[in-house]
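Asker: Dropping the structure in here first, questions after.
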Amino acid sequence: MSTGPSYFRVLLTFLRNSLVRDMTFRADFLINTIAATSWVVMTFGFYLLVFRYTAMLGAGSGWGRYEFFLFLATTLLINSLVRGLFLANAVEFSEQVRTGALDFALLKPIDTQFLVSLGRIEWAAVGPFACGLLLMGYSLCHVEYMPGPVQVILYVFYVLCGVAIYYSLMIAMAATSIWLGRNRTLLDFWFYITNFARYPMEIYSGPYGRPLRHLFTFFIPVLIAVNVPARLLAKPFDLQSPAAWQLPLFAILATVLSLVASRWVFNRSLLSYRSASS
Amino acid sequence: MIARVSTWWMLLRISLAERLVYRGDFALGTLMRFLPIVTQVFLWGAVFSGRAALKPEDPDIAGYTYKTMIAYYLMTMISRAFSSMSGLASGIAGDIRDGTVKKYLIQPIDMLGFLLLGRVAHKLVYYLVAVGPFALVFYLCRGFFPVQAGGIWPGWPDGRTLLAYIASLVMAFLLAYLLEATIGMIGFWFLEVNSLLFVYMLLSFFFSGHMFPIDLLPGIWGDLVRLMPLQYLAYFPAAVFLGKVSGPELIWGLWFQFGWIVFFLVVARVTFHAGVRRYSGYGG
């Protein structure tokens, strides 16, 4: 008989506790949700402004207004999942390292990475997530192509791959707090790195763009986190064509490697942890 | 007078020492500020290439060529280096919440002055660390800057415009400081100002000209944004340097910027005074 904790039940407890806490401060929760949603609306406004001046993001790139809005919707879904599930925890982890409060997490009879990654869930991310779904529905009504069940299943799968890649990067960055002593700029760094993934990879062209595209595809694979699922809806490829599968297959490999590498970084960093509380 | 200067010098030195404690974190933060400009270069490259395909006879966007658009974003980086006040409002609200603010009430130190010096120290350390990367990036990107008539160097404006630019930067710093300090002091009434601060950051990001030049906004939207003080935090200094604002418009712009500083100085002083009257401290 297994004596280990049921991770699923612990996760459900985290979800419930976080919801109870958010509902305890309902006004604050409401304001946070509105604020997060406002950010999305303003960003959408910016792109509406951009498409007042151009019909295509890159001449002949295929990223017209509604194709790009599908891309934006995918970015919103992935970002809101990552922000809702992991971001507050990663920032909190940095502070736990600095204050020595990580001792309490290390003493719990559960995997430390799981505990520090999911202990606090931000339900306010539901707002941007809903915006992503709405934008997706709106954009799909304006493109000529409607995805079939295979594309939908693949889309969900690759969105989850994107979440895993973003999470890996985030937890690895948070783990650097153990070596740096403090990493208050984690949120900024996260924003700046994932900023590269907010646009279709075609925009990174030319002698300077191509090396960047390769860097953020093969070494820090944030570009494929959004590009692969977004393409399934916005720029559908021929499922029968082996060449078209190269990037999606690589995305699976990148997801696995990212998770393994971040796990390794996390465990290595814990070896350097010195309690600051005693 | 000498005693006061000595006190202020000591406060500045303490703040400098504090800022240098977490050097790794600070250096990392400085380097990261250069990353968004890279995506802007490629995003606007794609937008202008789409524009050229759509309207080959009119490839400019709201009076910006691709190069001046990138130059604008580079200049807003400098504006933001002056007007970004990370942690100021939340720090003040936190001090009010946990009672630390009472030290300003029992010691002969003016809170607004003390925090201003802390911020000056923060900026000095930042510029010290950032001057190298800034110089490198601007040297590499020098080709984006348009040649201006009477400019002291290629890509630079004339001497008078440069002086106006420096004045607008210093005033951007003061305006941003007073704006955020006032928001922080709302904590005397609400204790928690993070949501309010988020709204301010949101508005600031979009309407200060940080995300895009406000010239792109059509009709009434552009007029409305020009009535707000936020444009003086990023757009106005950048526009001055690039010669987008000149002549009487430049002079009026500087006066309006100064007027907003005076306005928020009064608002900040009144808010602090009223807040202290409302504040209650318990315990030791």
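Residue numbering restarts at 1 for every chain of the structure tokens, chains are lettered A, B, ... in their displayed order, and ligands are numbered from 1 as they appear.
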As a PyMOL selection string, please: the residues near Cys161 (chain A) (cut-off 9 Å, only C-alpha atoms, same-chain neighbours under 5 positions excluded).

Answerer: chain A and resi 156+166+225+229+251-252+254-256

Asker: Take the residues from that selection and put them in a file with N, CA and C atoms, as a compact mmCIF listing (two decimals), in the first residue's frame.

Answerer:
```txt
# COMPACT_ATOMS: atom_id res chain seq x y z
N VAL A 156 -5.42 21.61 -27.93
CA VAL A 156 -5.42 21.53 -26.46
C VAL A 156 -4.11 20.91 -25.97
N TYR A 166 6.68 27.06 -20.59
CA TYR A 166 6.73 28.33 -19.83
C TYR A 166 7.01 28.05 -18.35
N ALA A 225 6.22 27.48 -27.97
CA ALA A 225 5.16 27.30 -26.97
C ALA A 225 3.82 27.86 -27.47
N PRO A 229 0.71 25.66 -31.27
CA PRO A 229 -0.76 25.55 -31.18
C PRO A 229 -1.50 26.61 -32.01
N ALA A 251 8.23 20.21 -30.81
CA ALA A 251 7.60 20.84 -29.63
C ALA A 251 7.44 19.83 -28.50
N ILE A 252 7.10 18.58 -28.87
CA ILE A 252 6.95 17.54 -27.84
C ILE A 252 8.30 17.26 -27.19
N ALA A 254 10.87 19.27 -27.08
CA ALA A 254 11.28 20.47 -26.32
C ALA A 254 10.57 20.51 -24.97
N THR A 255 9.29 20.10 -24.96
CA THR A 255 8.53 20.10 -23.70
C THR A 255 9.16 19.14 -22.70
N VAL A 256 9.45 17.93 -23.19
CA VAL A 256 10.04 16.92 -22.30
C VAL A 256 11.40 17.39 -21.78
```

Asker: Using only C-alpha atoms and a distance of at most 9 Å, pull out the residues of chain B that contact chain A, as a PyMOL selection string.

Answerer: chain B and resi 22-26+28-29+32-36+38-39+42-55+61-62+194-196+198-199+202-203+206+211-212+216-218

Asker: Which of region 56-143 of chain A end up as alpha helix (DSSP H) when DSSP is run on this backbone - answer as number ranges by chain?

Answerer: A: 65-82, 88-99, 102-107, 112-118, 126-140

Asker: I'd like to know which of B:Pro213, B:Gly184, B:Gly132, B:Gly118 is closest to Leu242 (chain B), using only C-alpha atoms.

Answerer: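 Comparing B:Pro213, B:Gly184, B:Gly132, B:Gly118 against Leu242 (chain B), the winner is B:Pro213.
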